[in-house]
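Undergrad: Below is the file my_file09.tsv, which contains TSV, C-alpha atoms.
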```tsv
chain	number	residue	atom	x	y	z
A	22	MET	CA	29.70	38.18	-8.98
A	23	ILE	CA	26.71	38.51	-11.28
A	24	PRO	CA	27.64	35.37	-13.29
A	25	ILE	CA	27.97	33.34	-10.05
A	26	ILE	CA	24.58	34.57	-8.83
A	27	SER	CA	23.12	33.65	-12.21
A	28	LEU	CA	24.63	30.17	-11.92
A	29	ILE	CA	23.19	29.64	-8.42
A	30	VAL	CA	19.76	30.78	-9.61
A	31	VAL	CA	19.93	28.35	-12.56
A	32	VAL	CA	20.90	25.47	-10.24
A	33	LEU	CA	18.13	26.35	-7.78
A	34	VAL	CA	15.50	26.57	-10.52
A	35	SER	CA	16.73	23.27	-11.96
A	36	MET	CA	16.33	21.56	-8.59
A	37	VAL	CA	12.79	22.88	-8.23
A	38	VAL	CA	11.87	21.83	-11.78
A	39	VAL	CA	13.15	18.29	-11.21
A	40	ARG	CA	11.28	18.10	-7.89
A	41	ILE	CA	8.01	19.22	-9.50
A	42	ALA	CA	8.45	16.64	-12.25
A	43	SER	CA	9.21	13.93	-9.68
A	44	VAL	CA	6.00	14.64	-7.79
A	45	ALA	CA	4.01	14.74	-11.04
A	46	LEU	CA	5.42	11.36	-12.09
A	47	THR	CA	4.63	9.97	-8.65
A	48	LEU	CA	1.01	11.03	-9.10
A	49	THR	CA	0.83	8.97	-12.30
A	50	GLY	CA	1.57	5.81	-10.33
A	51	LEU	CA	5.37	5.57	-10.32
A	52	SER	CA	7.18	4.86	-7.07
A	53	ASN	CA	8.96	7.80	-5.44
A	54	GLU	CA	12.46	6.44	-6.17
A	55	LEU	CA	11.66	5.57	-9.78
A	56	ALA	CA	10.01	8.96	-10.37
A	57	ARG	CA	13.10	10.80	-9.10
A	58	PHE	CA	15.37	8.64	-11.26
A	59	GLN	CA	13.28	9.28	-14.36
A	60	ALA	CA	13.12	13.03	-13.73
A	61	ARG	CA	16.84	13.43	-13.08
A	62	SER	CA	17.76	11.26	-16.06
A	63	ALA	CA	15.55	13.21	-18.45
A	64	PHE	CA	16.65	16.61	-17.14
A	65	SER	CA	20.35	15.76	-17.32
A	66	GLY	CA	19.99	14.02	-20.68
A	67	THR	CA	21.79	10.88	-19.46
A	68	GLY	CA	18.93	8.58	-20.47
A	69	PHE	CA	17.75	5.38	-18.81
A	70	SER	CA	17.32	1.69	-19.58
A	71	THR	CA	14.86	0.32	-22.14
A	72	THR	CA	12.60	-1.17	-19.46
A	73	GLU	CA	12.35	2.13	-17.62
A	74	SER	CA	11.76	4.13	-20.80
A	75	GLU	CA	8.85	1.88	-21.79
A	76	LYS	CA	7.06	2.82	-18.58
A	77	VAL	CA	7.22	6.45	-19.69
A	78	VAL	CA	6.50	6.03	-23.39
A	79	ARG	CA	3.38	3.96	-22.80
A	80	HIS	CA	1.84	6.60	-20.54
A	81	PRO	CA	0.80	9.89	-22.25
A	82	VAL	CA	1.06	12.05	-19.12
A	83	ARG	CA	4.51	10.73	-18.20
A	84	ARG	CA	5.63	11.20	-21.79
A	85	ARG	CA	4.67	14.91	-21.74
A	86	ILE	CA	6.46	15.45	-18.44
A	87	ILE	CA	9.66	13.82	-19.68
A	88	MET	CA	9.59	15.76	-22.96
A	89	LEU	CA	9.29	19.05	-21.06
A	90	LEU	CA	12.14	18.05	-18.76
A	91	MET	CA	14.38	17.28	-21.71
A	92	LEU	CA	13.68	20.72	-23.20
A	93	LEU	CA	14.25	22.59	-19.94
A	94	GLY	CA	17.29	20.47	-19.11
A	95	ASN	CA	19.13	21.34	-22.31
A	96	ALA	CA	18.48	25.06	-21.79
A	97	GLY	CA	19.44	24.91	-18.12
A	98	ILE	CA	22.72	23.04	-18.65
A	99	VAL	CA	23.82	25.41	-21.42
A	100	THR	CA	22.98	28.45	-19.26
A	101	ALA	CA	24.80	27.00	-16.25
A	102	MET	CA	27.95	26.28	-18.26
A	103	SER	CA	27.90	29.76	-19.80
A	104	SER	CA	27.55	31.39	-16.38
A	105	LEU	CA	30.34	29.22	-14.97
A	106	ILE	CA	32.72	30.20	-17.77
A	107	LEU	CA	31.89	33.89	-17.45
A	108	SER	CA	32.34	33.83	-13.67
A	109	PHE	CA	35.98	32.73	-13.99
A	110	MET	CA	37.09	35.04	-16.79
A	111	GLY	CA	40.34	36.63	-15.75
A	112	THR	CA	41.23	40.24	-14.99
A	113	GLN	CA	44.24	42.22	-16.17
A	114	THR	CA	46.86	41.39	-13.52
A	115	ALA	CA	48.09	37.96	-12.43
A	116	THR	CA	47.72	38.74	-8.73
A	117	GLY	CA	44.26	40.09	-9.34
A	118	ILE	CA	43.33	36.98	-11.25
A	119	THR	CA	44.49	34.68	-8.44
A	120	GLY	CA	42.69	36.56	-5.69
A	121	ASN	CA	39.55	37.03	-7.69
A	122	ILE	CA	39.37	33.37	-8.72
A	123	TRP	CA	39.77	32.05	-5.17
A	124	PHE	CA	37.15	34.46	-3.87
A	125	ARG	CA	34.73	33.35	-6.58
A	126	ILE	CA	35.48	29.67	-5.96
A	127	THR	CA	34.79	30.15	-2.23
A	128	CYS	CA	31.48	31.89	-2.94
A	129	LEU	CA	30.49	29.25	-5.46
A	130	LEU	CA	31.32	26.30	-3.17
A	131	ALA	CA	29.54	27.92	-0.22
A	132	SER	CA	26.42	28.55	-2.29
A	133	LEU	CA	26.41	25.02	-3.73
A	134	SER	CA	26.83	23.59	-0.21
A	135	VAL	CA	23.74	25.46	0.96
A	136	LEU	CA	21.80	24.21	-2.07
A	137	TRP	CA	23.02	20.66	-1.38
A	138	MET	CA	21.72	20.81	2.20
A	139	PHE	CA	18.48	22.30	0.90
A	140	ALA	CA	18.07	19.46	-1.61
A	141	HIS	CA	18.72	16.74	0.97
A	142	SER	CA	16.58	18.15	3.78
A	143	ARG	CA	13.76	15.69	4.47
A	144	TRP	CA	11.58	18.37	6.04
A	145	ILE	CA	11.93	20.71	3.06
A	146	ASP	CA	11.40	17.83	0.65
A	147	ARG	CA	8.24	16.74	2.46
A	148	GLU	CA	6.75	20.23	2.70
A	149	LEU	CA	7.70	21.14	-0.87
A	150	SER	CA	6.19	17.90	-2.17
A	151	LYS	CA	2.91	18.65	-0.39
A	152	TYR	CA	2.67	22.08	-1.99
A	153	ILE	CA	3.65	20.80	-5.44
A	154	ARG	CA	1.11	17.99	-5.19
A	155	TRP	CA	-1.63	20.46	-4.26
A	156	ALA	CA	-0.62	22.90	-7.00
A	157	LEU	CA	-0.57	20.20	-9.68
A	158	LYS	CA	-4.07	19.07	-8.75
A	159	ARG	CA	-5.31	22.65	-8.46
A	160	TRP	CA	-3.89	24.28	-11.60
A	161	THR	CA	-3.22	21.50	-14.10
A	162	ALA	CA	-5.47	19.30	-16.17
A	163	LEU	CA	-3.23	16.23	-15.86
A	164	GLU	CA	-5.19	13.04	-15.32
A	165	VAL	CA	-3.17	11.91	-12.33
A	166	ARG	CA	-3.97	9.44	-9.60
A	167	ASP	CA	-2.34	9.29	-6.19
A	168	TYR	CA	-1.91	5.52	-6.11
A	169	ALA	CA	0.21	5.69	-2.98
A	170	GLY	CA	-2.71	7.31	-1.17
A	171	LEU	CA	-5.30	4.95	-2.64
A	172	LEU	CA	-3.33	1.87	-1.57
A	173	HIS	CA	-2.39	3.39	1.80
A	174	LEU	CA	1.30	2.77	1.20
A	175	THR	CA	2.37	3.72	4.69
A	176	GLY	CA	4.33	1.87	7.32
A	177	ASP	CA	5.33	-1.61	6.17
A	178	TYR	CA	3.04	-1.86	3.14
A	179	VAL	CA	4.59	-1.26	-0.28
A	180	VAL	CA	4.11	-2.00	-3.97
A	181	LEU	CA	7.24	-3.55	-5.44
A	182	GLU	CA	8.40	-5.34	-8.56
A	183	LEU	CA	10.05	-8.74	-8.23
A	184	SER	CA	11.92	-10.52	-11.01
A	185	VAL	CA	11.65	-14.33	-11.08
A	186	GLN	CA	14.93	-16.21	-11.50
A	187	ALA	CA	15.44	-19.86	-12.44
A	188	ASP	CA	16.35	-21.02	-8.90
A	189	ASP	CA	13.67	-18.98	-7.12
A	190	TRP	CA	10.99	-20.63	-5.03
A	191	LEU	CA	8.39	-18.85	-7.17
A	192	ALA	CA	9.67	-20.24	-10.48
A	193	ASN	CA	7.69	-22.85	-12.45
A	194	GLN	CA	4.69	-22.81	-10.11
A	195	THR	CA	1.16	-21.50	-10.46
A	196	LEU	CA	-0.11	-18.66	-8.31
A	197	GLY	CA	-2.71	-21.02	-6.90
A	198	ASP	CA	-0.02	-23.44	-5.67
A	199	LEU	CA	2.06	-20.64	-4.17
A	200	ASN	CA	-0.77	-19.29	-1.97
A	201	LEU	CA	0.93	-15.91	-1.63
A	202	ALA	CA	-2.27	-14.40	-0.25
A	203	ASP	CA	-1.80	-16.58	2.85
A	204	GLU	CA	1.45	-14.69	3.43
A	205	GLY	CA	-0.35	-11.36	3.08
A	206	VAL	CA	0.97	-10.69	-0.43
A	207	LEU	CA	-1.29	-9.80	-3.36
A	208	VAL	CA	-0.17	-10.21	-6.97
A	209	LEU	CA	-1.39	-7.12	-8.83
A	210	GLY	CA	0.11	-8.08	-12.18
A	211	VAL	CA	2.54	-10.31	-14.05
A	212	GLU	CA	4.70	-9.11	-16.93
A	213	LYS	CA	5.98	-12.04	-19.00
A	214	ALA	CA	9.44	-12.16	-20.53
A	215	ASN	CA	7.98	-11.38	-23.98
A	216	GLY	CA	6.44	-8.14	-22.68
A	217	ASN	CA	2.83	-9.33	-22.30
A	218	TYR	CA	1.21	-8.01	-19.14
A	219	PHE	CA	-1.58	-9.72	-17.18
A	220	GLY	CA	-3.37	-7.61	-14.61
A	221	ALA	CA	-5.01	-9.25	-11.59
A	222	PRO	CA	-3.76	-12.73	-12.63
A	223	ARG	CA	-5.67	-15.80	-11.55
A	224	GLY	CA	-4.47	-18.92	-9.78
A	225	LYS	CA	-3.74	-20.84	-12.98
A	226	THR	CA	-1.07	-18.35	-14.05
A	227	ILE	CA	2.35	-20.05	-14.16
A	228	LEU	CA	5.37	-18.01	-13.08
A	229	GLU	CA	8.38	-18.55	-15.31
A	230	GLU	CA	11.98	-17.37	-15.40
A	231	HIS	CA	12.37	-13.66	-16.20
A	232	ASP	CA	8.73	-12.90	-15.35
A	233	THR	CA	8.23	-9.67	-13.39
A	234	LEU	CA	5.65	-9.59	-10.61
A	235	LEU	CA	3.93	-6.50	-9.27
A	236	LEU	CA	3.30	-7.25	-5.59
A	237	TYR	CA	1.46	-5.49	-2.79
A	238	GLY	CA	2.17	-6.38	0.81
A	239	ARG	CA	4.55	-5.90	3.70
A	240	GLN	CA	8.07	-5.05	2.62
A	241	GLU	CA	9.61	-7.67	4.89
A	242	VAL	CA	7.59	-10.49	3.31
A	243	ILE	CA	8.28	-9.38	-0.28
A	244	ALA	CA	11.99	-9.12	0.52
A	245	ASN	CA	11.88	-12.67	1.86
A	246	LEU	CA	10.17	-13.83	-1.34
A	247	ASP	CA	12.92	-12.24	-3.40
A	248	GLU	CA	15.60	-14.16	-1.49
A	249	ARG	CA	13.66	-17.44	-1.19
A	250	ARG	CA	15.09	-20.35	-3.19
A	251	SER	CA	13.40	-23.49	-4.44
A	252	GLY	CA	13.31	-26.72	-2.45
A	253	ALA	CA	12.52	-27.69	1.12
A	254	THR	CA	14.09	-24.54	2.55
A	255	GLY	CA	11.83	-22.35	0.45
A	256	ASN	CA	8.75	-24.33	1.49
A	257	TRP	CA	9.70	-23.96	5.15
A	258	GLU	CA	10.10	-20.19	4.72
A	259	HIS	CA	6.64	-20.14	3.14
A	260	HIS	CA	5.08	-21.92	6.13
A	261	LYS	CA	6.84	-19.57	8.58
A	262	ALA	CA	5.57	-16.55	6.66
A	263	ILE	CA	2.01	-17.93	6.79
A	264	GLY	CA	2.26	-18.40	10.55
A	265	LYS	CA	3.54	-14.87	11.04
A	266	GLN	CA	0.75	-13.48	8.86
A	267	MET	CA	-1.84	-15.35	10.96
A	268	GLN	CA	-0.43	-13.75	14.10
A	269	ILE	CA	-0.61	-10.30	12.50
A	270	GLU	CA	-4.22	-10.86	11.41
A	271	LYS	CA	-5.14	-12.06	14.89
A	272	GLN	CA	-3.56	-8.98	16.44
A	273	GLU	CA	-5.39	-6.72	14.00
A	274	GLU	CA	-8.70	-8.39	14.85
A	275	GLU	CA	-8.08	-7.86	18.57
A	276	GLU	CA	-7.26	-4.19	17.98
A	277	LEU	CA	-10.41	-3.81	15.89
A	278	GLU	CA	-12.55	-5.39	18.62
A	279	GLN	CA	-11.03	-3.09	21.22
A	280	SER	CA	-11.72	-0.11	18.98
A	281	ASP	CA	-15.34	-1.15	18.46
A	282	SER	CA	-15.86	-1.70	22.19
A	283	SER	CA	-14.41	1.71	23.03
A	284	LEU	CA	-16.73	3.38	20.50
A	285	ALA	CA	-19.72	1.55	21.91
```
Have the structure of the file written as structure tokens, please.
TA:
Amino acid sequence: MIPIISLIVVVLVSMVVVRIASVALTLTGLSNELARFQARSAFSGTGFSTTESEKVVRHPVRRRIIMLLMLLGNAGIVTAMSSLILSFMGTQTATGITGNIWFRITCLLASLSVLWMFAHSRWIDRELSKYIRWALKRWTALEVRDYAGLLHLTGDYVVLELSVQADDWLANQTLGDLNLADEGVLVLGVEKANGNYFGAPRGKTILEEHDTLLLYGRQEVIANLDERRSGATGNWEHHKAIGKQMQIEKQEEEELEQSDSSLA
């Protein structure tokens, strides 16, 4: 049973290490989903696409986190495999082997099931992330920034990347002509197909095929932009989005006035 216990401990520690790295990557500005993908890829040694790897390599803090994960991942996988092999080494008799193996398999599957539920518990994930975030800020010298907190990415507001395709409504137009701000969407940056990045682009910036936009706004509107195609239909969707944004702004103004009157 000792090898099985060792295996469970290795798996548990691995899960915690990956979670700590995910939170640390999130604090450097990566989205939660992307941070988890990067951490799991580095720890397992499976790698990730060139575009994703560039986001790590260009950032010194992310690069250190990924390098540490790769080192710990190799040691953890080797230890886990060794413990797994040792746990199923046979005994002297055939009947003893069969009974012993099934008992060990049952214990192993039960333990892994508990760990699986632990890993996918939203409450545990939320509470663990809070503690990890506090600990990283308290005991590390990493120059991290909680961009999600700074941008108040709660509710419907998100920061997302959007790739421009040839038949998109966004393609071959300037930001000034698109008037995305009227829809409640801000363009934080544009990465051109050749890799050049323009932060806080101005209205004269032309969006071309294979450009990648970094957008801030309501998720529903950005999703509509991603699906919007060129032509009259796309223009009509744009006007509808502007009208909806005006209604939202009007409602927010009314709520603000009510709040001010109640305080007075």
Undergrad: Using all atoms listed in the file, which residues sit within 8 Å of A:Val44 once same-chain residues fewer than 2 positions away are excluded, as a short mmCIF file (atom, residue, chain, number, x, y, z; two decimals) with C-alpha atoms, keeping the file's coordinate frame?
TA:
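Output file around.cif is given in full below:
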```
data_model
loop_
_atom_site.label_atom_id
_atom_site.label_comp_id
_atom_site.auth_asym_id
_atom_site.auth_seq_id
_atom_site.Cartn_x
_atom_site.Cartn_y
_atom_site.Cartn_z
CA ARG A 40 11.28 18.10 -7.89
CA ILE A 41 8.01 19.22 -9.50
CA ALA A 42 8.45 16.64 -12.25
CA LEU A 46 5.42 11.36 -12.09
CA THR A 47 4.63 9.97 -8.65
CA LEU A 48 1.01 11.03 -9.10
CA ASN A 53 8.96 7.80 -5.44
CA ALA A 56 10.01 8.96 -10.37
CA SER A 150 6.19 17.90 -2.17
CA ILE A 153 3.65 20.80 -5.44
CA ARG A 154 1.11 17.99 -5.19
#
```
Undergrad: Just to confirm, what's the straight-line distance from atom CA of A:Asp189 to atom CA of A:Lys265 in Å (one decimal)?
TA: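 Interatomic distance, atom CA of A:Asp189 to atom CA of A:Lys265: 21.2 Å.
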Undergrad: With distances taken over only C-alpha atoms, which residue among A:Ile227, A:Val206, A:Leu199, A:Leu234 lies nearest A:Gln266?
TA: A:Val206
Undergrad: Quick one: of A:His259, A:Arg249, A:Arg159, A:His231, who's nearest to A:Gly205, counting all atoms listed in the file?
TA: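 Answer, going by the shortest atom-to-atom distance: A:His259.
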Undergrad: Mind checking which residues fall within 10 Å of A:Val38, counting only C-alpha atoms, ignoring those fewer than 2 positions away in the same chain, and posting them as a ChimeraX atom specification?
TA: /A:32-36,40-43,60-61,64,90,93-94
Undergrad: In Å, how far is it from atom CA of A:Ala187 to atom CA of A:Glu229?
TA: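 Going from atom CA of A:Ala187 over to atom CA of A:Glu229, I get 7.7 Å.
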Undergrad: Could you tell me how far atom CA of A:Glu241 lies from atom CA of A:Lys271, in Å and to one decimal?
TA: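 Separation of atom CA of A:Glu241 and atom CA of A:Lys271: 18.4 Å.
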Undergrad: Excluding same-chain residues fewer than 4 positions from A:Asn200, what lies within 12 Å of it counting all atoms listed in the file, as a VMD selection string?
TA: chain A and resid 191 194 to 196 204 to 208 223 to 225 256 259 to 260 262 to 263
Undergrad: Go through A:Asp198, A:Arg143, A:Thr233, A:Glu212 one by one, measure the shortest atom-to-atom distance of each to A:Ser184 using all atoms listed in the file, and give the residue with the smallest value.
TA: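 Using all atoms listed in the file, the shortest distance to A:Ser184 belongs to A:Thr233.
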Undergrad: Counting all atoms listed in the file, select every polymer residue within 9 Å of (7.0, -6.4, 3.0) as defined in the file's coordinates, and provide the selection as an NGL selection string.
TA: :A and (177-181 or 205-206 or 237-245)
Undergrad: Have a look at A:Ala156, A:Ala214, A:Trp190, A:Glu276 and name the one nearest to A:Ala253; count only C-alpha atoms.
TA: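 Closest to A:Ala253, using only C-alpha atoms: A:Trp190.
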